[in-house]
Amino acid sequence: MPYAEAVPHLGNFVGSILPADVYFKYLKMKGEDAIFICGSDQHGTPIELKAIKAGITPDQLSNEVHEKIKKVMERSGCTFTYYGKTHSESNKLTVYEIFESLRKNGYIVETEDTQAYCSVDDRFLSDRFIIGTCPYCGYHDARGDQCENCGHLLNPQELIEPYCAVCGNKKLEFRKTKNLALDLEALSGEIKAFVESHKRNNWTKNAINKTLSYLEQGLKPRDITRNIKWGFPVPLKGFEDKAFYVWFDAVIGYIGITREWSESQYLNYWKDPEAKLIQFMGKDNLEFHTMMWPGILIGAGREYVLPHTIKVFEYLNAKGVKFSKSKGVGLNMEGAVELLPSDYWRFALMYLLPETSDTDFSIEEFIEIVNKVMNDKIGNLVNRVLTIYGANRGMISGSEAEAASISKAKSIISEYIAEFDAINMRNALHKVIGLSELGNEVMSSTEPWKLAKAEDANSKKEFSKIMVSLRQIVYDLGIMLWPFAPDAASKILDYFGVDAQPKIKMLENVPDIDTGKPPKAIFSKITEKERKKFEKYIDS
RNA sequence: AGCGAGGUAGGGUAGUCUGGAGUGCCCGCCGGGCUCAUAACCCGGAGAUCAGUGGUUCAAAUCCACUCCUCGCUACCA
C-alpha cells in the first residue's frame with residue numbers, strides 16, 4: 001500500500017503494486033476467484049507533520065494524495081478490485097475488533113517511555129516533530145529520529161538546542177508516557193512456526209532468512225499506539241488521547257479495505273481457510289508483514305487467513321540513489337505515465353524487477369528494453385506476420401500448422417504457466433519474449449515470403465502451414481503479454497476480433513486474423529526527443 | 001558493531017534453495033544470412049581463474065568455514 005504522503009515513484013511501484021497487478025491479471029486469465037485489494041496508507045507522523053506545515057488537516061492532505069495515487073495507478077494499467085484507504089469507517093471497525101481480541105487474549109501490554117512534550121501545543125512530540133542541531137555533523141535541521149545530512153540515527157535527547165517543529169518552542173520537556181504494545185515476545189513461538197510452515201510457498205529468500213534471523217534474536221513487545229493526534233483513537237480507558245500507530249492499522253487495512261469494498265463479501269475471502277493471501281512489498285516493509293502482521297492475526301485468534309506467500313523485493317535505485325518521495329529524487333509515476341505509455345513502464349519495470357539485489361534504473365537500459373525488446377522483438381514480429389498474412393490471405397487455408405514450431409510454442413506456453421504459478425513473474429516475462437523469438441526464428445528459417453511467390457502446390461501448402469503457425473504464435477503472444485502490457489495485448493488481440501479479457505484457455509483455439517485492419521505498430525521506439533525530456537526528470 | 005542480501009565475459013543480469021561439462025538472456029564487438037517487417041529479423045563466433053582463500057565430494061558458481069568489497073535494516077520513517 002502506498003503511503004499517502006506523495007505519489008509513488010518507480011521504486012515503490014515496481015516493488016509492490018506492479019507485481020501484484022501483474023500476478024492478479026494472470027489469476028484472472030486462469031479464471032481464479034481472485035480479488036486485488038490495495039489502498040492508501042494515510043496515518044502516521046510524516047503526513048501529520050506535512051499537513052500542519054501546509055496549513056490543512058491530515059485528513060484533507062491524505063485524501064487529496066489518495067485521489068491522486070488512485071488516478072495514477074489506474075493510468076498505470078492497474079485493475080484493482082478495490083483501491084481504498086486506511087482512514088475509513090470499515091477499517092476503524094476492523095482495527096477496534098482486532099484490538100479487542102488481542103487485548104482479550106492477553107497480547108496487549110503497557111510500555112513506558114520518555115518523550116518530548118511541547119507545552120505550547122499541548123502535545124507530545126514524535127521524534128520527527130523535533131528539530132535541532134546534529135551532535136555529529138552540526139547540521140541545523142536535523143530531525144529527532146535521524147540527521148538527513150550525515151545519516152546518523154539520533155535520539156531526540158541528543159539534539160543540540162531542540163525545538164518543536166510545529167510552533168518553534170524551544171522549551172521542550174521530556175515526560176514519561178505510557179503506550180500499548182503488541183507482545184511479540186509471547187507470540188514469537190507461533191510466528192516462528194508460521195514462517196517455518198509457510199516458507200515453502202514461494203516466499204522470497206530475503207523474507208525467510210531475515211525473518212528467521214529476527215526471531216532467532218528474539219522479539220520484544222512493539223508499540224501499537226502513539227502520542228499523536230492523527231489516527232484512530234485508542235478505545236481504552238487511560239489511552240483515549242492516543243492514536244493507533246500507523247503500521248498497526250495499515251496492515252489491518254488489508255482486511256478493512258476489503259470490508260470497505262464489500263461488507264457482505266469480505267469475510268468470504270478473509271475467513272475462508274482455503275483462501276490464499278499473497279502479498280508483494282519492498283524490503284522496507286518486510287518485518288511488518290512477516291512478523292507483526294502474522295503476530296496480530298495469530299494473537300487475535302486466527303480468525304482471518306494468514307499470508308500464504310510473501311514476496312519481498314529489493315530496491316530499484318536511480319543512479320545509485322534510492323528513489324525518494326520526500327527528497328524528490330527520481331521519477332514518480334505521475335511523471336512516468338505523462339512521459340510514455342504505461343505499458344512501457346510495466347513491461348520494462350517487470351523486466352528489471354529487483355528480485356535478488358538492488359538494481360539501478362538507468363535511462364539507457366530502460367530505452368534499450370523498450371526499443372530492442374518490446375519494439376524489435378515483439379512489435380516487429382506482430383507487424384511482419386500481419387503484413388505477410390494480409391498480403392497472401394487467399395493462400396492460407398485450413399488449420400494445419402507446421403508441427404515443429406507449434407510444439408515449441410506449446411512448451412514455451414507451459415513454461416510460462418509454470419513460472420507464473422510459482423509467482424516468478426520476471427521469468428514468465430522472459431517466456432513471452434522467448435515466444436516472440438521463436439516467431440522470428442520460424443520466419444527466418446522458413447522464409448514464407450519466398451514460398452508465397454512460388455507456383456508449385458507443395459510450396460503453397462507449406463506456406464499455409466507456416467502462416468497458420470505464425471498466426472498461432474502472434475495470437476498466443478497477445479494473450480501472454482496481457483498481464484504485463486494490457487494495452488499492447490489488446491491491440492494484438494484486436495486483429496483477431498477478440499475484445500474480451502484474455503483467458504489461458506483461449507490459447508488453444510486461434511480465431512482467424514481480421515485482415516480488414518491494416519497492421520499498425522503496437523509499440524513505437526523512444527525517440528531522441530523523448531529521451532531528452534526524460535533526462536530532465538532523472539537528473540536531479 | 002550485529003543481522004540480512006549481493007559480488008558470474010567489456011557493461012547489465014539469470015542460474016545457487018535441490019551439486020552434474022561455465023548453461024542462459026540483454027547491450028556492445030567480429031563474421032555470415034535474409035529483404036516479409038518498425039534501419040528491423042535470423043545464424044555463427046570471440047570474450048569469464050563464477051570476488052578471494054581453504055575445505056567437503058567421483059563431481060562445486062551451487063554445500064561448509066574464513067577474508068575482502070557493495071547495498072539494506074537495526075524497533076518513534078513507513
# chains A, B, ... in the order shown; residues from 1 in each chain; ligands from 1
call {"tool": "closest_atom_pairs", "arguments": {"of": "chain B", "to": "chain A", "cutoff": "10 Å", "atoms": "only C-alpha atoms (C1' of nucleotides)", "output": "JSON lines"}}
result
{"residue": "B:C3", "atom": "C1'", "partner": "A:Ser213", "partner_atom": "CA", "distance": 7.0}
{"residue": "B:G4", "atom": "C1'", "partner": "A:Lys210", "partner_atom": "CA", "distance": 5.2}
{"residue": "B:A5", "atom": "C1'", "partner": "A:Ser357", "partner_atom": "CA", "distance": 6.6}
{"residue": "B:G6", "atom": "C1'", "partner": "A:Ser357", "partner_atom": "CA", "distance": 5.7}
{"residue": "B:G12", "atom": "C1'", "partner": "A:Glu365", "partner_atom": "CA", "distance": 8.3}
{"residue": "B:U13", "atom": "C1'", "partner": "A:Leu352", "partner_atom": "CA", "distance": 9.0}
{"residue": "B:A14", "atom": "C1'", "partner": "A:Asn427", "partner_atom": "CA", "distance": 9.0}
{"residue": "B:C17", "atom": "C1'", "partner": "A:Lys205", "partner_atom": "CA", "distance": 8.4}
{"residue": "B:C25", "atom": "C1'", "partner": "A:His430", "partner_atom": "CA", "distance": 8.4}
{"residue": "B:C26", "atom": "C1'", "partner": "A:Ile369", "partner_atom": "CA", "distance": 8.0}
{"residue": "B:C27", "atom": "C1'", "partner": "A:Glu368", "partner_atom": "CA", "distance": 7.7}
{"residue": "B:G33", "atom": "C1'", "partner": "A:Ser444", "partner_atom": "CA", "distance": 9.2}
{"residue": "B:C34", "atom": "C1'", "partner": "A:Ser444", "partner_atom": "CA", "distance": 7.1}
{"residue": "B:U35", "atom": "C1'", "partner": "A:Trp449", "partner_atom": "CA", "distance": 9.4}
{"residue": "B:C36", "atom": "C1'", "partner": "A:Trp449", "partner_atom": "CA", "distance": 5.4}
{"residue": "B:A37", "atom": "C1'", "partner": "A:Arg384", "partner_atom": "CA", "distance": 4.1}
{"residue": "B:U38", "atom": "C1'", "partner": "A:Asn380", "partner_atom": "CA", "distance": 5.7}
{"residue": "B:A40", "atom": "C1'", "partner": "A:Asp376", "partner_atom": "CA", "distance": 6.3}
{"residue": "B:C41", "atom": "C1'", "partner": "A:Asn440", "partner_atom": "CA", "distance": 6.4}
{"residue": "B:C42", "atom": "C1'", "partner": "A:Ser444", "partner_atom": "CA", "distance": 5.2}
{"residue": "B:C43", "atom": "C1'", "partner": "A:Ser445", "partner_atom": "CA", "distance": 9.3}
{"residue": "B:C71", "atom": "C1'", "partner": "A:Asp358", "partner_atom": "CA", "distance": 6.9}
{"residue": "B:G72", "atom": "C1'", "partner": "A:Lys283", "partner_atom": "CA", "distance": 8.3}
{"residue": "B:C73", "atom": "C1'", "partner": "A:Asp284", "partner_atom": "CA", "distance": 7.8}
{"residue": "B:A75", "atom": "C1'", "partner": "A:Arg222", "partner_atom": "CA", "distance": 7.3}
{"residue": "B:C76", "atom": "C1'", "partner": "A:Asp127", "partner_atom": "CA", "distance": 5.6}
{"residue": "B:C77", "atom": "C1'", "partner": "A:Pro46", "partner_atom": "CA", "distance": 7.4}
{"residue": "B:A78", "atom": "C1'", "partner": "A:Trp247", "partner_atom": "CA", "distance": 7.3}
call {"tool": "select_by_dssp", "arguments": {"residues": "range 122-199 of chain A", "states": "helix (DSSP H, G or I)", "output": "VMD selection string"}}
result
chain A and resid 127 to 129 156 to 158 184 to 198
call {"tool": "residues_around", "arguments": {"residues": "G15 in chain B", "least_positions_apart": "4", "cutoff": "10 Å", "atoms": "only C-alpha atoms (C1' of nucleotides)", "output": "VMD selection string"}}
result
chain B and resid 8 23 to 24 61 to 62
call {"tool": "residues_around", "arguments": {"residues": "Leu182 in chain A", "least_positions_apart": "2", "cutoff": "9 Å", "atoms": "only C-alpha atoms (C1' of nucleotides)", "output": "list of chain:residue names"}}
result
A:Leu102, A:Tyr107, A:Ile108, A:Val109, A:Glu110, A:Leu180, A:Leu184, A:Glu185, A:Leu187, A:Lys220, A:Pro221, A:Arg222, A:Asp223, A:Ile224, A:Met292, A:Gly295, A:Ile296, A:Gly299
call {"tool": "decode", "arguments": {"residues": "range 56-68 of chain B", "atoms": "all heavy atoms", "output": "short mmCIF file (atom, residue, chain, number, x, y, z; two decimals), in the first residue's frame"}}
result
data_model
loop_
_atom_site.label_atom_id
_atom_site.label_comp_id
_atom_site.auth_asym_id
_atom_site.auth_seq_id
_atom_site.Cartn_x
_atom_site.Cartn_y
_atom_site.Cartn_z
P U B 56 38.87 -32.04 2.43
OP1 U B 56 39.41 -33.18 3.19
OP2 U B 56 39.37 -31.77 1.06
"O5'" U B 56 37.29 -32.16 2.38
"C5'" U B 56 36.57 -32.51 3.56
"C4'" U B 56 35.10 -32.61 3.24
"O4'" U B 56 34.60 -31.31 2.80
"C3'" U B 56 34.77 -33.53 2.07
"O3'" U B 56 34.71 -34.89 2.47
"C2'" U B 56 33.39 -33.00 1.65
"O2'" U B 56 32.37 -33.44 2.52
"C1'" U B 56 33.59 -31.49 1.82
N1 U B 56 34.02 -30.84 0.56
C2 U B 56 33.03 -30.53 -0.37
O2 U B 56 31.86 -30.78 -0.19
N3 U B 56 33.49 -29.94 -1.51
C4 U B 56 34.80 -29.61 -1.83
O4 U B 56 35.04 -29.07 -2.90
C5 U B 56 35.75 -29.96 -0.82
C6 U B 56 35.34 -30.56 0.31
P U B 57 35.50 -36.01 1.59
OP1 U B 57 35.34 -37.29 2.31
OP2 U B 57 36.84 -35.51 1.22
"O5'" U B 57 34.61 -36.06 0.27
"C5'" U B 57 33.26 -36.47 0.32
"C4'" U B 57 32.61 -36.22 -1.01
"O4'" U B 57 32.61 -34.79 -1.29
"C3'" U B 57 33.36 -36.81 -2.21
"O3'" U B 57 33.08 -38.19 -2.36
"C2'" U B 57 32.79 -35.96 -3.35
"O2'" U B 57 31.51 -36.39 -3.74
"C1'" U B 57 32.68 -34.58 -2.69
N1 U B 57 33.85 -33.72 -2.99
C2 U B 57 33.77 -32.89 -4.09
O2 U B 57 32.79 -32.83 -4.80
N3 U B 57 34.90 -32.13 -4.34
C4 U B 57 36.06 -32.12 -3.61
O4 U B 57 36.98 -31.37 -3.96
C5 U B 57 36.07 -33.00 -2.48
C6 U B 57 34.99 -33.76 -2.22
P C B 58 34.29 -39.17 -2.78
OP1 C B 58 33.78 -40.54 -2.59
OP2 C B 58 35.55 -38.72 -2.12
"O5'" C B 58 34.47 -38.89 -4.34
"C5'" C B 58 35.67 -39.29 -5.00
"C4'" C B 58 35.54 -39.01 -6.48
"O4'" C B 58 34.44 -39.82 -7.02
"C3'" C B 58 35.15 -37.59 -6.83
"O3'" C B 58 36.28 -36.74 -6.87
"C2'" C B 58 34.51 -37.75 -8.20
"O2'" C B 58 35.47 -37.89 -9.22
"C1'" C B 58 33.76 -39.09 -8.02
N1 C B 58 32.36 -38.90 -7.59
C2 C B 58 31.43 -38.42 -8.54
O2 C B 58 31.82 -38.15 -9.67
N3 C B 58 30.15 -38.26 -8.17
C4 C B 58 29.77 -38.56 -6.91
N4 C B 58 28.49 -38.39 -6.60
C5 C B 58 30.69 -39.04 -5.94
C6 C B 58 31.96 -39.20 -6.31
P A B 59 36.20 -35.29 -6.29
OP1 A B 59 37.50 -34.62 -6.53
OP2 A B 59 35.65 -35.36 -4.93
"O5'" A B 59 35.11 -34.62 -7.25
"C5'" A B 59 35.45 -34.31 -8.61
"C4'" A B 59 34.25 -33.74 -9.31
"O4'" A B 59 33.16 -34.69 -9.26
"C3'" A B 59 33.67 -32.48 -8.68
"O3'" A B 59 34.37 -31.34 -9.11
"C2'" A B 59 32.24 -32.51 -9.18
"O2'" A B 59 32.14 -32.03 -10.50
"C1'" A B 59 31.93 -34.01 -9.18
N9 A B 59 31.23 -34.45 -7.97
C8 A B 59 31.75 -35.08 -6.87
N7 A B 59 30.86 -35.37 -5.95
C5 A B 59 29.68 -34.91 -6.49
C6 A B 59 28.35 -34.92 -6.01
N6 A B 59 28.00 -35.45 -4.84
N1 A B 59 27.40 -34.37 -6.80
C2 A B 59 27.75 -33.85 -7.96
N3 A B 59 28.96 -33.79 -8.54
C4 A B 59 29.88 -34.34 -7.74
P A B 60 34.53 -30.10 -8.12
OP1 A B 60 35.39 -29.12 -8.82
OP2 A B 60 34.93 -30.61 -6.80
"O5'" A B 60 33.05 -29.52 -7.99
"C5'" A B 60 32.35 -29.01 -9.13
"C4'" A B 60 31.68 -27.70 -8.77
"O4'" A B 60 30.85 -27.93 -7.60
"C3'" A B 60 32.64 -26.58 -8.39
"O3'" A B 60 32.06 -25.34 -8.76
"C2'" A B 60 32.73 -26.68 -6.89
"O2'" A B 60 33.05 -25.48 -6.28
"C1'" A B 60 31.29 -27.09 -6.54
N9 A B 60 31.15 -27.84 -5.29
C8 A B 60 32.12 -28.41 -4.52
N7 A B 60 31.66 -29.01 -3.44
C5 A B 60 30.29 -28.82 -3.52
C6 A B 60 29.24 -29.22 -2.69
N6 A B 60 29.40 -29.91 -1.57
N1 A B 60 28.00 -28.85 -3.05
C2 A B 60 27.83 -28.15 -4.16
N3 A B 60 28.74 -27.72 -5.04
C4 A B 60 29.97 -28.10 -4.65
P A B 61 32.34 -24.73 -10.18
OP1 A B 61 31.53 -25.49 -11.14
OP2 A B 61 33.81 -24.60 -10.37
"O5'" A B 61 31.74 -23.25 -10.05
"C5'" A B 61 32.33 -22.31 -9.15
"C4'" A B 61 31.30 -21.30 -8.71
"O4'" A B 61 30.49 -20.95 -9.85
"C3'" A B 61 30.32 -21.84 -7.67
"O3'" A B 61 30.84 -21.63 -6.37
"C2'" A B 61 29.08 -21.00 -7.92
"O2'" A B 61 29.19 -19.73 -7.29
"C1'" A B 61 29.14 -20.80 -9.45
N9 A B 61 28.33 -21.77 -10.18
C8 A B 61 28.75 -22.78 -11.01
N7 A B 61 27.77 -23.46 -11.54
C5 A B 61 26.63 -22.87 -11.03
C6 A B 61 25.27 -23.14 -11.20
N6 A B 61 24.79 -24.10 -11.98
N1 A B 61 24.38 -22.35 -10.54
C2 A B 61 24.86 -21.38 -9.76
N3 A B 61 26.13 -21.02 -9.52
C4 A B 61 26.97 -21.82 -10.19
P U B 62 30.55 -22.68 -5.20
OP1 U B 62 30.92 -22.05 -3.92
OP2 U B 62 31.15 -23.97 -5.60
"O5'" U B 62 28.96 -22.87 -5.23
"C5'" U B 62 28.08 -21.84 -4.77
"C4'" U B 62 26.67 -22.31 -4.94
"O4'" U B 62 26.48 -22.75 -6.31
"C3'" U B 62 26.31 -23.49 -4.05
"O3'" U B 62 25.02 -23.33 -3.50
"C2'" U B 62 26.35 -24.69 -5.00
"O2'" U B 62 25.45 -25.70 -4.65
"C1'" U B 62 25.96 -24.05 -6.34
N1 U B 62 26.53 -24.78 -7.48
C2 U B 62 25.66 -25.41 -8.36
O2 U B 62 24.45 -25.37 -8.23
N3 U B 62 26.27 -26.08 -9.37
C4 U B 62 27.61 -26.20 -9.61
O4 U B 62 28.00 -26.84 -10.58
C5 U B 62 28.45 -25.51 -8.66
C6 U B 62 27.89 -24.84 -7.65
P C B 63 24.89 -22.76 -2.07
OP1 C B 63 23.45 -22.53 -1.81
OP2 C B 63 25.85 -21.66 -1.90
"O5'" C B 63 25.41 -23.98 -1.18
"C5'" C B 63 24.53 -24.98 -0.71
"C4'" C B 63 25.26 -25.92 0.20
"O4'" C B 63 26.13 -26.78 -0.60
"C3'" C B 63 26.23 -25.25 1.17
"O3'" C B 63 25.54 -24.78 2.32
"C2'" C B 63 27.18 -26.39 1.50
"O2'" C B 63 26.61 -27.31 2.41
"C1'" C B 63 27.32 -27.06 0.13
N1 C B 63 28.47 -26.55 -0.64
C2 C B 63 29.77 -26.89 -0.23
O2 C B 63 29.91 -27.60 0.78
N3 C B 63 30.83 -26.45 -0.93
C4 C B 63 30.64 -25.69 -2.01
N4 C B 63 31.72 -25.28 -2.68
C5 C B 63 29.34 -25.32 -2.46
C6 C B 63 28.30 -25.77 -1.75
P C B 64 26.08 -23.51 3.11
OP1 C B 64 25.04 -23.16 4.09
OP2 C B 64 26.58 -22.50 2.15
"O5'" C B 64 27.34 -24.10 3.86
"C5'" C B 64 27.19 -25.06 4.90
"C4'" C B 64 28.55 -25.36 5.50
"O4'" C B 64 29.38 -26.01 4.50
"C3'" C B 64 29.35 -24.12 5.89
"O3'" C B 64 28.97 -23.63 7.16
"C2'" C B 64 30.77 -24.68 5.88
"O2'" C B 64 31.07 -25.43 7.04
"C1'" C B 64 30.73 -25.61 4.66
N1 C B 64 31.19 -24.96 3.42
C2 C B 64 32.57 -24.82 3.21
O2 C B 64 33.35 -25.24 4.08
N3 C B 64 33.02 -24.23 2.09
C4 C B 64 32.16 -23.79 1.18
N4 C B 64 32.65 -23.23 0.07
C5 C B 64 30.75 -23.91 1.35
C6 C B 64 30.31 -24.49 2.49
P A B 65 29.17 -22.08 7.46
OP1 A B 65 28.51 -21.84 8.76
OP2 A B 65 28.79 -21.27 6.28
"O5'" A B 65 30.74 -21.97 7.64
"C5'" A B 65 31.38 -22.54 8.78
"C4'" A B 65 32.86 -22.26 8.70
"O4'" A B 65 33.41 -22.90 7.52
"C3'" A B 65 33.22 -20.79 8.53
"O3'" A B 65 33.21 -20.09 9.75
"C2'" A B 65 34.63 -20.91 7.94
"O2'" A B 65 35.59 -21.21 8.93
"C1'" A B 65 34.47 -22.11 7.01
N9 A B 65 34.14 -21.72 5.63
C8 A B 65 32.90 -21.65 5.03
N7 A B 65 32.94 -21.25 3.77
C5 A B 65 34.28 -21.05 3.53
C6 A B 65 34.99 -20.63 2.39
N6 A B 65 34.41 -20.34 1.22
N1 A B 65 36.34 -20.53 2.48
C2 A B 65 36.93 -20.83 3.65
N3 A B 65 36.37 -21.24 4.79
C4 A B 65 35.03 -21.33 4.66
P C B 66 32.80 -18.57 9.74
OP1 C B 66 32.60 -18.20 11.17
OP2 C B 66 31.72 -18.34 8.76
"O5'" C B 66 34.11 -17.85 9.20
"C5'" C B 66 35.30 -17.82 10.01
"C4'" C B 66 36.48 -17.46 9.15
"O4'" C B 66 36.55 -18.37 8.00
"C3'" C B 66 36.43 -16.08 8.49
"O3'" C B 66 36.82 -15.05 9.37
"C2'" C B 66 37.46 -16.27 7.36
"O2'" C B 66 38.79 -16.23 7.83
"C1'" C B 66 37.12 -17.69 6.89
N1 C B 66 36.15 -17.68 5.78
C2 C B 66 36.64 -17.44 4.48
O2 C B 66 37.86 -17.24 4.32
N3 C B 66 35.78 -17.40 3.44
C4 C B 66 34.48 -17.61 3.65
N4 C B 66 33.66 -17.57 2.58
C5 C B 66 33.95 -17.86 4.96
C6 C B 66 34.82 -17.88 5.98
P U B 67 36.23 -13.58 9.12
OP1 U B 67 36.64 -12.75 10.28
OP2 U B 67 34.79 -13.66 8.75
"O5'" U B 67 37.05 -13.11 7.84
"C5'" U B 67 38.45 -12.87 7.93
"C4'" U B 67 38.99 -12.45 6.59
"O4'" U B 67 38.75 -13.52 5.62
"C3'" U B 67 38.30 -11.25 5.95
"O3'" U B 67 38.78 -10.03 6.47
"C2'" U B 67 38.66 -11.44 4.49
"O2'" U B 67 40.00 -11.05 4.21
"C1'" U B 67 38.54 -12.96 4.33
N1 U B 67 37.19 -13.34 3.85
C2 U B 67 36.93 -13.22 2.49
O2 U B 67 37.75 -12.81 1.70
N3 U B 67 35.66 -13.59 2.10
C4 U B 67 34.65 -14.07 2.92
O4 U B 67 33.57 -14.37 2.42
C5 U B 67 34.99 -14.16 4.30
C6 U B 67 36.22 -13.81 4.72
P C B 68 37.80 -8.77 6.50
OP1 C B 68 38.45 -7.75 7.34
OP2 C B 68 36.42 -9.23 6.81
"O5'" C B 68 37.83 -8.28 4.98
"C5'" C B 68 39.05 -7.81 4.39
"C4'" C B 68 38.85 -7.60 2.91
"O4'" C B 68 38.49 -8.87 2.29
"C3'" C B 68 37.68 -6.70 2.55
"O3'" C B 68 38.01 -5.33 2.66
"C2'" C B 68 37.43 -7.12 1.10
"O2'" C B 68 38.38 -6.58 0.21
"C1'" C B 68 37.62 -8.63 1.19
N1 C B 68 36.34 -9.35 1.43
C2 C B 68 35.47 -9.55 0.34
O2 C B 68 35.79 -9.13 -0.77
N3 C B 68 34.30 -10.20 0.54
C4 C B 68 33.98 -10.64 1.76
N4 C B 68 32.82 -11.27 1.90
C5 C B 68 34.83 -10.45 2.88
C6 C B 68 35.99 -9.80 2.67
#
